[in-house]
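Trainee: Below is the file coords.txt, with compact mmCIF, C-alpha atoms.
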```txt
# COMPACT_ATOMS: atom_id res chain seq x y z
CA MET A 17 -8.16 0.67 11.73
CA SER A 18 -8.84 3.64 13.96
CA ILE A 19 -6.34 6.49 13.94
CA THR A 20 -5.58 6.09 17.65
CA SER A 21 -4.67 2.44 17.14
CA TYR A 22 -2.42 3.08 14.13
CA ASN A 23 0.79 2.87 16.15
CA GLY A 24 -0.26 0.98 19.28
CA SER A 25 0.56 1.94 22.86
CA ALA A 26 0.05 1.10 26.52
CA LEU A 27 0.64 3.41 29.47
CA ILE A 28 0.05 3.24 33.23
CA ALA A 29 0.74 5.59 36.10
CA MET A 30 0.26 4.49 39.71
CA VAL A 31 0.38 6.22 43.06
CA GLY A 32 2.38 4.83 45.98
CA LYS A 33 3.44 6.10 49.40
CA ASN A 34 5.16 9.42 48.64
CA CYS A 35 6.14 8.12 45.25
CA PHE A 36 4.65 7.36 41.86
CA ALA A 37 5.47 5.04 38.99
CA ILE A 38 4.84 5.55 35.30
CA ALA A 39 5.27 2.76 32.78
CA SER A 40 4.82 2.25 29.06
CA ASP A 41 5.35 -0.36 26.41
CA ARG A 42 8.05 0.21 23.79
CA ARG A 43 6.56 -0.87 20.50
CA LEU A 44 6.32 1.44 17.54
CA GLY A 45 4.25 -0.12 14.81
CA VAL A 46 2.46 0.81 11.61
CA ASN A 47 -0.79 -1.15 11.77
CA PHE A 48 0.43 -4.73 12.23
CA GLN A 49 4.04 -4.17 11.16
CA THR A 50 6.54 -3.50 13.96
CA ILE A 51 9.05 -0.77 13.20
CA ALA A 52 10.95 -0.37 16.48
CA CYS A 53 11.13 -1.74 20.02
CA ASP A 54 12.55 1.33 21.73
CA PHE A 55 10.02 4.06 21.07
CA GLN A 56 9.90 6.70 23.79
CA ARG A 57 6.42 7.48 25.11
CA ILE A 58 7.28 8.80 28.56
CA PHE A 59 8.96 12.17 28.73
CA LYS A 60 10.52 13.98 31.66
CA ILE A 61 9.28 17.53 32.05
CA HIS A 62 11.29 18.14 35.19
CA ASP A 63 12.77 15.96 37.95
CA LYS A 64 9.40 15.43 39.61
CA LEU A 65 7.04 15.54 36.64
CA TYR A 66 6.62 13.02 33.87
CA ILE A 67 4.14 12.84 31.05
CA GLY A 68 3.25 9.72 29.10
CA LEU A 69 1.60 10.12 25.73
CA SER A 70 -0.33 7.35 24.00
CA GLY A 71 -1.92 7.32 20.57
CA LEU A 72 -0.63 8.45 17.18
CA ALA A 73 3.18 8.57 17.32
CA THR A 74 3.56 11.76 15.31
CA ASP A 75 1.22 13.60 17.70
CA VAL A 76 3.08 12.08 20.68
CA GLN A 77 6.27 13.67 19.35
CA THR A 78 4.61 16.97 18.44
CA MET A 79 2.88 17.25 21.84
CA HIS A 80 6.15 16.48 23.63
CA GLN A 81 7.94 19.24 21.72
CA ARG A 82 5.16 21.76 22.38
CA LEU A 83 4.98 20.92 26.09
CA GLN A 84 8.74 20.99 26.51
CA PHE A 85 8.76 24.43 24.86
CA ARG A 86 5.98 25.75 27.10
CA HIS A 87 7.63 24.40 30.23
CA LYS A 88 11.03 25.85 29.37
CA LEU A 89 9.40 29.23 28.74
CA TYR A 90 7.62 28.94 32.10
CA GLN A 91 10.95 28.15 33.78
CA LEU A 92 12.55 31.23 32.23
CA ARG A 93 9.70 33.51 33.27
CA GLU A 94 8.86 32.13 36.72
CA GLU A 95 12.33 30.82 37.63
CA ARG A 96 10.86 27.60 38.98
CA ASN A 97 9.36 24.33 37.79
CA MET A 98 5.66 23.88 37.09
CA ARG A 99 3.53 22.14 39.66
CA PRO A 100 1.80 18.97 38.42
CA GLU A 101 -1.72 20.43 38.65
CA THR A 102 -0.66 23.47 36.66
CA PHE A 103 0.97 21.30 34.04
CA ALA A 104 -2.14 19.16 33.75
CA SER A 105 -4.20 22.28 33.12
CA LEU A 106 -1.68 23.38 30.49
CA VAL A 107 -1.94 20.03 28.71
CA SER A 108 -5.71 20.22 28.83
CA ALA A 109 -5.70 23.75 27.37
CA ILE A 110 -3.28 22.84 24.57
CA LEU A 111 -5.42 19.86 23.58
CA TYR A 112 -8.68 21.82 23.66
CA GLU A 113 -7.15 24.49 21.41
CA LYS A 114 -7.39 21.85 18.68
CA ARG A 115 -10.96 20.87 19.56
CA PHE A 116 -12.12 20.56 15.94
CA GLY A 117 -8.93 19.02 14.58
CA PRO A 118 -7.38 17.33 17.61
CA TYR A 119 -4.04 15.77 18.37
CA PHE A 120 -4.74 12.04 18.47
CA CYS A 121 -2.97 11.41 21.72
CA GLU A 122 -4.16 10.77 25.26
CA PRO A 123 -1.67 11.88 27.88
CA ILE A 124 -1.19 10.69 31.42
CA ILE A 125 0.51 13.11 33.74
CA ALA A 126 2.30 11.98 36.88
CA GLY A 127 4.17 14.19 39.32
CA LEU A 128 5.20 14.82 42.90
CA ASN A 129 3.95 17.95 44.63
CA ASP A 130 6.36 20.09 46.62
CA ASP A 131 5.31 18.35 49.83
CA GLY A 132 6.07 14.95 48.32
CA THR A 133 2.51 13.78 47.72
CA PRO A 134 2.04 12.13 44.32
CA PHE A 135 -0.35 13.46 41.68
CA ILE A 136 -1.68 11.61 38.66
CA CYS A 137 -4.21 12.53 36.07
CA THR A 138 -5.23 11.66 32.53
CA THR A 139 -7.02 13.54 29.79
CA ASP A 140 -8.77 12.45 26.65
CA LEU A 141 -7.70 13.66 23.23
CA ILE A 142 -9.56 16.95 23.57
CA GLY A 143 -8.38 17.77 27.07
CA ALA A 144 -11.04 16.51 29.49
CA LYS A 145 -9.05 16.06 32.70
CA GLN A 146 -9.64 13.13 35.03
CA LEU A 147 -7.85 13.12 38.36
CA ALA A 148 -7.38 9.81 40.14
CA LYS A 149 -6.17 8.70 43.53
CA ASP A 150 -4.87 5.27 42.58
CA PHE A 151 -3.93 4.68 38.93
CA VAL A 152 -4.56 5.95 35.43
CA VAL A 153 -4.16 4.07 32.15
CA SER A 154 -4.10 4.97 28.49
CA GLY A 155 -3.51 3.39 25.12
CA THR A 156 -4.85 0.63 22.88
CA ALA A 157 -4.58 -1.89 25.72
CA SER A 158 -6.49 0.36 28.16
CA GLU A 159 -9.35 -2.07 28.77
CA SER A 160 -6.97 -4.85 29.80
CA LEU A 161 -4.92 -2.35 31.78
CA TYR A 162 -7.94 -1.23 33.82
CA GLY A 163 -8.68 -4.80 34.78
CA ALA A 164 -5.09 -5.69 35.64
CA CYS A 165 -4.51 -2.53 37.67
CA GLU A 166 -7.81 -2.83 39.53
CA SER A 167 -6.98 -6.33 40.69
CA MET A 168 -3.28 -5.80 41.47
CA TYR A 169 -3.31 -2.30 42.98
CA LYS A 170 -3.05 -1.68 46.72
CA PRO A 171 -2.77 1.77 48.30
CA ASP A 172 0.41 3.00 50.05
CA LEU A 173 2.93 0.76 48.35
CA GLY A 174 6.63 1.51 48.68
CA PRO A 175 8.79 2.12 45.60
CA ASP A 176 9.95 -1.49 45.19
CA GLU A 177 6.50 -3.01 45.58
CA LEU A 178 5.01 -0.35 43.36
CA PHE A 179 7.53 -1.24 40.66
CA GLU A 180 6.54 -4.91 40.90
CA VAL A 181 2.82 -4.17 40.74
CA ILE A 182 3.00 -1.75 37.82
CA SER A 183 5.34 -4.01 35.83
CA GLN A 184 3.15 -7.09 36.28
CA ALA A 185 0.01 -5.13 35.39
CA LEU A 186 1.66 -3.73 32.24
CA LEU A 187 3.11 -7.02 31.01
CA ALA A 188 -0.09 -8.95 31.69
CA SER A 189 -2.18 -6.43 29.76
CA VAL A 190 0.03 -5.91 26.72
CA ASP A 191 0.16 -9.67 26.19
CA ARG A 192 -3.54 -9.45 25.42
CA ASP A 193 -3.10 -6.68 22.87
CA CYS A 194 -1.36 -7.45 19.61
CA ILE A 195 -0.31 -3.89 18.80
CA SER A 196 1.37 -3.00 22.07
CA GLY A 197 4.15 -4.62 24.03
CA TRP A 198 7.62 -5.60 22.84
CA GLY A 199 9.13 -4.74 26.22
CA GLY A 200 8.42 -2.05 28.74
CA ILE A 201 10.00 0.81 30.62
CA VAL A 202 9.15 1.90 34.16
CA HIS A 203 10.13 5.07 36.01
CA VAL A 204 9.64 5.05 39.78
CA VAL A 205 9.93 8.56 41.19
CA THR A 206 10.46 9.33 44.87
CA PRO A 207 11.35 12.71 46.41
CA ASP A 208 15.08 11.80 46.35
CA GLN A 209 15.60 9.72 43.26
CA VAL A 210 14.26 8.34 40.01
CA ILE A 211 14.73 4.65 39.25
CA THR A 212 14.30 3.67 35.63
CA LYS A 213 14.09 0.01 34.65
CA THR A 214 13.38 -1.66 31.34
CA LEU A 215 11.21 -4.75 31.28
CA LYS A 216 11.85 -7.80 29.19
CA GLY A 217 8.50 -9.16 28.04
CA ARG A 218 7.21 -11.32 25.22
CA MET A 219 8.57 -9.90 21.98
CA ASP A 220 5.54 -10.58 19.87
CA MET B 11 5.75 -0.80 -5.72
CA GLU B 12 8.64 1.22 -4.38
CA CYS B 13 11.29 -0.02 -1.98
CA LEU B 14 13.50 1.89 0.37
CA PHE B 15 15.61 0.37 3.08
CA GLY B 16 18.78 0.96 5.02
CA PHE B 17 20.90 -0.17 7.92
CA VAL B 18 23.90 0.81 9.99
CA GLY B 19 27.19 -1.08 9.75
CA ASP B 20 30.65 -0.70 11.21
CA GLY B 21 31.34 3.01 10.82
CA PHE B 22 28.92 3.48 7.93
CA ALA B 23 25.24 3.62 7.08
CA LEU B 24 23.73 2.28 3.87
CA VAL B 25 20.56 3.37 2.08
CA VAL B 26 19.11 1.40 -0.81
CA ALA B 27 16.25 2.57 -3.03
CA ASP B 28 14.70 1.34 -6.22
CA THR B 29 15.21 3.50 -9.30
CA CYS B 30 11.94 3.03 -11.10
CA ALA B 31 9.66 5.97 -11.78
CA ASN B 32 6.20 4.68 -12.61
CA GLN B 33 2.98 6.40 -13.55
CA SER B 34 0.07 3.95 -13.13
CA ILE B 35 0.94 1.05 -15.46
CA VAL B 36 3.75 2.78 -17.35
CA VAL B 37 7.43 2.58 -16.35
CA GLN B 38 8.60 6.08 -17.25
CA LYS B 39 12.20 5.77 -16.13
CA THR B 40 14.44 3.08 -14.62
CA THR B 41 17.32 5.32 -13.51
CA GLU B 42 15.51 7.71 -11.15
CA ASP B 43 17.73 8.49 -8.16
CA LYS B 44 15.55 8.56 -5.07
CA ILE B 45 18.38 9.11 -2.59
CA THR B 46 19.44 12.76 -2.24
CA CYS B 47 22.76 13.81 -0.69
CA LEU B 48 21.64 16.49 1.76
CA ASP B 49 25.21 17.54 2.36
CA SER B 50 28.64 15.94 2.44
CA HIS B 51 27.69 13.45 5.18
CA LYS B 52 23.96 12.92 4.92
CA LEU B 53 21.65 10.89 2.70
CA LEU B 54 17.90 11.18 2.39
CA GLY B 55 16.12 8.33 0.67
CA CYS B 56 12.61 9.33 -0.25
CA ILE B 57 9.70 7.33 -1.77
CA GLY B 58 6.06 8.16 -2.34
CA GLU B 59 4.11 10.64 -4.46
CA SER B 60 6.60 11.67 -7.17
CA GLY B 61 6.02 15.43 -7.05
CA ASP B 62 6.23 15.55 -3.27
CA ARG B 63 9.28 13.28 -3.30
CA VAL B 64 11.35 15.56 -5.53
CA GLN B 65 10.08 18.85 -4.09
CA PHE B 66 10.35 17.88 -0.45
CA SER B 67 13.81 16.32 -0.64
CA ASN B 68 15.11 19.36 -2.55
CA PHE B 69 13.46 21.64 0.02
CA ILE B 70 15.22 19.83 2.86
CA GLN B 71 18.52 19.84 0.97
CA LYS B 72 18.34 23.60 0.40
CA ASN B 73 17.48 24.20 4.05
CA MET B 74 20.51 22.16 5.12
CA ASN B 75 22.62 24.36 2.85
CA LEU B 76 21.04 27.52 4.27
CA TYR B 77 21.80 26.50 7.85
CA HIS B 78 25.40 25.73 6.93
CA PHE B 79 25.70 29.02 5.08
CA ARG B 80 24.27 31.07 7.95
CA ASN B 81 26.00 29.32 10.84
CA GLY B 82 29.23 28.07 9.38
CA ILE B 83 28.72 24.51 10.57
CA PRO B 84 26.44 21.78 9.19
CA LEU B 85 23.52 20.34 11.15
CA SER B 86 24.00 17.00 12.90
CA THR B 87 22.02 14.09 11.48
CA SER B 88 19.59 13.95 14.40
CA ALA B 89 18.99 17.70 14.13
CA ALA B 90 18.40 17.35 10.39
CA ALA B 91 15.96 14.50 11.02
CA SER B 92 14.17 16.54 13.68
CA PHE B 93 13.92 19.53 11.32
CA THR B 94 12.51 17.32 8.58
CA ARG B 95 9.98 15.85 11.02
CA CYS B 96 8.85 19.33 12.04
CA GLU B 97 8.33 20.34 8.40
CA LEU B 98 6.26 17.21 7.81
CA ALA B 99 4.28 17.70 11.03
CA THR B 100 3.48 21.34 10.23
CA ALA B 101 2.28 20.42 6.76
CA LEU B 102 0.39 17.34 8.00
CA ARG B 103 -2.83 19.09 8.92
CA LYS B 104 -2.71 21.49 5.99
CA ALA B 105 -1.33 19.84 2.85
CA PRO B 106 0.53 16.66 3.80
CA TYR B 107 3.63 15.55 1.95
CA GLN B 108 3.04 11.93 0.99
CA VAL B 109 6.63 10.79 1.28
CA ASN B 110 8.23 8.06 3.36
CA MET B 111 11.90 8.52 4.10
CA MET B 112 15.04 7.00 5.54
CA MET B 113 17.71 9.49 6.55
CA ALA B 114 21.28 8.32 7.11
CA GLY B 115 24.24 10.34 8.22
CA TYR B 116 27.67 10.27 9.77
CA ASP B 117 28.60 12.64 12.60
CA LYS B 118 32.19 12.89 13.80
CA ARG B 119 31.30 12.51 17.47
CA THR B 120 28.51 9.98 17.35
CA GLY B 121 29.29 7.97 14.22
CA PRO B 122 26.77 6.64 11.71
CA CYS B 123 23.03 6.73 12.33
CA LEU B 124 19.80 5.99 10.52
CA PHE B 125 16.36 7.54 10.95
CA TYR B 126 12.95 6.29 9.88
CA LEU B 127 10.54 9.07 8.88
CA ASP B 128 6.95 8.32 8.07
CA TYR B 129 4.68 10.44 5.88
CA ILE B 130 2.74 11.39 9.02
CA ALA B 131 5.95 12.65 10.64
CA THR B 132 6.78 9.72 12.90
CA LEU B 133 10.51 9.87 13.63
CA GLN B 134 12.50 6.96 15.03
CA LYS B 135 16.23 6.31 15.21
CA LEU B 136 16.92 2.77 14.09
CA ASN B 137 19.73 0.39 13.23
CA LYS B 138 17.76 -1.15 10.39
CA GLY B 139 14.56 -0.12 8.69
CA ALA B 140 12.53 -0.28 5.52
CA GLN B 141 9.71 1.61 3.81
CA GLY B 142 7.16 0.67 1.20
CA PHE B 143 5.70 -2.72 0.29
CA GLY B 144 9.19 -4.18 0.20
CA ALA B 145 9.37 -3.67 3.97
CA TYR B 146 7.12 -6.69 4.51
CA PHE B 147 9.86 -8.90 3.08
CA ILE B 148 12.97 -6.96 4.04
CA LEU B 149 12.26 -6.61 7.76
CA SER B 150 12.09 -10.38 8.15
CA LEU B 151 15.38 -10.79 6.31
CA PHE B 152 16.92 -8.17 8.59
CA ASP B 153 15.67 -9.99 11.68
CA LYS B 154 17.42 -13.14 10.47
CA TYR B 155 20.62 -11.88 8.87
CA TYR B 156 21.41 -8.39 10.19
CA GLN B 157 24.19 -8.14 12.76
CA LYS B 158 25.70 -5.10 14.35
CA ASN B 159 29.06 -3.92 12.99
CA MET B 160 28.95 -5.63 9.62
CA ASN B 161 31.62 -4.54 7.18
CA VAL B 162 30.80 -3.26 3.69
CA GLU B 163 31.11 -6.68 1.96
CA GLU B 164 28.76 -8.36 4.41
CA ALA B 165 26.40 -5.40 4.13
CA LEU B 166 26.30 -5.71 0.33
CA GLN B 167 25.58 -9.43 0.65
CA LEU B 168 22.61 -8.62 2.87
CA VAL B 169 21.42 -5.99 0.40
CA ASP B 170 21.66 -8.54 -2.42
CA LYS B 171 19.61 -11.02 -0.38
CA CYS B 172 16.93 -8.37 0.11
CA ILE B 173 16.86 -7.40 -3.55
CA TRP B 174 16.64 -11.05 -4.61
CA GLU B 175 13.77 -11.66 -2.19
CA ILE B 176 11.79 -8.67 -3.45
CA GLY B 177 12.44 -9.71 -7.03
CA THR B 178 11.22 -13.23 -6.37
CA ARG B 179 8.29 -12.69 -4.04
CA MET B 180 6.84 -9.26 -4.69
CA VAL B 181 4.44 -8.64 -7.55
CA ALA B 182 5.50 -5.76 -9.88
CA SER B 183 8.86 -5.52 -8.13
CA PRO B 184 11.24 -2.81 -9.27
CA ALA B 185 13.94 -3.80 -11.72
CA ASN B 186 16.85 -1.66 -10.58
CA TYR B 187 18.28 -0.33 -7.34
CA VAL B 188 20.80 2.22 -6.23
CA ILE B 189 22.93 1.74 -3.10
CA LYS B 190 24.46 4.74 -1.38
CA ILE B 191 26.78 4.77 1.60
CA VAL B 192 27.74 7.40 4.15
CA ASP B 193 30.82 7.08 6.37
CA ARG B 194 33.59 9.33 7.64
CA ASN B 195 34.71 9.98 4.07
CA GLY B 196 31.31 11.32 3.08
CA ALA B 197 28.12 10.33 1.31
CA ARG B 198 28.47 8.71 -2.09
CA LEU B 199 27.14 6.16 -4.54
CA LEU B 200 28.35 2.69 -3.64
CA ALA B 201 26.81 0.36 -6.19
CA ARG B 202 23.84 -0.33 -8.44
CA ARG B 203 21.96 -3.57 -8.82
CA GLY B 204 19.20 -4.86 -10.99
CA ARG B 205 17.73 -6.60 -13.99
CA ASN B 206 17.10 -4.84 -17.31
CA MET B 207 19.99 -2.44 -17.04
CA SER B 208 20.35 0.17 -19.76
CA PRO B 209 23.22 -0.97 -22.03
CA ASN B 210 24.94 2.40 -21.60
CA LEU B 211 25.44 1.97 -17.87
CA PRO B 212 28.42 -0.14 -16.79
CA TYR B 213 26.72 -1.88 -13.87
CA ALA B 214 26.81 -5.45 -12.68
CA LYS B 215 23.85 -7.64 -13.42
CA ILE B 216 22.41 -10.07 -10.92
CA SER B 217 20.91 -13.29 -12.19
```
Could you rewrite the structure in this file as structure tokens?

Mentor:
Amino acid sequence: MSITSYNGSALIAMVGKNCFAIASDRRLGVNFQTIACDFQRIFKIHDKLYIGLSGLATDVQTMHQRLQFRHKLYQLREERNMRPETFASLVSAILYEKRFGPYFCEPIIAGLNDDGTPFICTTDLIGAKQLAKDFVVSGTASESLYGACESMYKPDLGPDELFEVISQALLASVDRDCISGWGGIVHVVTPDQVITKTLKGRMD
Amino acid sequence: MECLFGFVGDGFALVVADTCANQSIVVQKTTEDKITCLDSHKLLGCIGESGDRVQFSNFIQKNMNLYHFRNGIPLSTSAAASFTRCELATALRKAPYQVNMMMAGYDKRTGPCLFYLDYIATLQKLNKGAQGFGAYFILSLFDKYYQKNMNVEEALQLVDKCIWEIGTRMVASPANYVIKIVDRNGARLLARRGRNMSPNLPYAKIS
């Protein structure tokens, strides 16, 4: 089994009208054995910036700690939060530092700019950034996720509709992948609030 | 064929490990304690490569002591688990420790907790978990019989079910086990179980 499919993961981020949604599955497994159904893959960097990390669980946790450290240092020095584009460049740089011994994780970054416009991007495991205007996906179920998102996505959705679309896309895709799933969690972020909901899916 | 498992009960956490030290086909020792008391209210059960197991668990124990000595208060269980994960993660891409662990502890404010720690530094807080080949059998038994807030008697019955299952269905299963508990009174040995007990040890036999 490949190292990136050792633990299993599925992540989506989608853009809506002045909002974004980021969703992940909750399974932590070791090859085909399931260890936990509440593994955290999406991390809050600040109120308007979230990062989801797919791939090897240990590198997910290490990357999260490193990024949290860098962002807190940035906050102390600059006395403000990082903009999403800046953060994406930071993630890309940190991953490329390990070009010949990489972290086996593929992040998706989702944030709201100061003017309220949403920003999403993904990178591969060595930091090649890909910006997108509609959705980004990552994880072992990524092929299914691309198909589900492509067919279900519509531009300029409001927060409630966006939640519906991203949840259905996630649940449909993880049901086709044996090493991801076991529930889901969705964060819908608007300029005023963050709504977090857990999804009850097939637990198998 | 080592086994390590644990779960959280009503105000306590239990860790069970086998006590067999093997070197290829030879059973060197059947009373090897694989669960270290990190401090008064923490247990670290550790299985894997024997050198790494002993060295790493002692290393973590001494670091817990050092923190307490320097700062006057002990680390919380989640902080201890996080520290252990960081040590494993730092060593992972240099000289990895090949140890799988379950860390259990009792904190005054948050109560008992259990952490699963992989050899590649995957950390997860759990109510029930298992490591090693025994996990394939034990996790299914947990799914069926584990309930939240079990008392110590019910917990021991579940442990006995797990030990019986491993003994019956796993090839080269370990003969003896040690059960340690951590609750508000501290971390201590609770019981031992097994076949082929040394005649000098006053432990109960299971049939």

Trainee: So, counting only C-alpha atoms, which residue among A:Leu69, A:Cys53, A:Cys121, A:Leu141 is closest to Met219 (chain A)?

Mentor: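 Going through A:Leu69, A:Cys53, A:Cys121, A:Leu141 one by one, the smallest distance to Met219 (chain A) is for A:Cys53.
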
Trainee: Set out as CSV a contact list for chain B and chain A with a cut-off of 10 Å, giving each residue of chain B that qualifies its closest atom pair and distance in Å to one decimal, counting only C-alpha atoms, ordered by chain and rising residue number.

Mentor:
```
residue,atom,partner,partner_atom,distance
B:Arg95,CA,A:Thr74,CA,8.7
B:Cys96,CA,A:Thr78,CA,8.0
B:Leu98,CA,A:Thr74,CA,9.7
B:Ala99,CA,A:Thr74,CA,7.4
B:Thr100,CA,A:Thr78,CA,9.4
B:Leu102,CA,A:Thr74,CA,9.7
B:Arg103,CA,A:Gly117,CA,8.3
B:Tyr126,CA,A:Ile51,CA,8.7
B:Leu127,CA,A:Thr74,CA,9.9
B:Asp128,CA,A:Thr74,CA,8.7
B:Tyr129,CA,A:Thr74,CA,9.6
B:Ile130,CA,A:Thr74,CA,6.4
B:Ala131,CA,A:Thr74,CA,5.3
B:Thr132,CA,A:Thr74,CA,4.5
B:Leu133,CA,A:Thr74,CA,7.4
B:Gln134,CA,A:Phe55,CA,7.1
B:Lys135,CA,A:Ala52,CA,8.6
B:Leu136,CA,A:Ala52,CA,7.2
B:Asn137,CA,A:Ala52,CA,9.4
B:Lys138,CA,A:Ile51,CA,9.2
B:Gly139,CA,A:Ile51,CA,7.2
B:Ala140,CA,A:Ile51,CA,8.4
B:Gln141,CA,A:Ile51,CA,9.7
B:Ala145,CA,A:Gln49,CA,9.0
B:Tyr146,CA,A:Gln49,CA,7.7
B:Leu149,CA,A:Ile51,CA,8.6
```

Trainee: So which residues touch Ile148 (chain B) within 9 Å, counting all atoms listed in the file, skipping near sequence neighbours fewer than 5 positions away, as number ranges by chain?

Mentor: B: 15, 139-140, 153, 171-173, 175-176

Trainee: Rounded to one decimal, what separation in Å do you get between CA of Pro106 (chain B) and CA of Ser183 (chain B)?

Mentor: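 That distance, rounded to one decimal, is 26.5 Å.
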
Trainee: Quick one: everything within 7 Å of Gln84 (chain A), counting only C-alpha atoms, minus sequence neighbours fewer than 4 positions away in the same chain. Send it as a PyMOL selection string.

Mentor: chain A and resi 61+80+88

Trainee: Quick one, how far is CA of Thr206 (chain A) from CA of Val31 (chain A)?

Mentor: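 Atom-to-atom, CA of Thr206 (chain A) and CA of Val31 (chain A) are spaced 10.7 Å apart.
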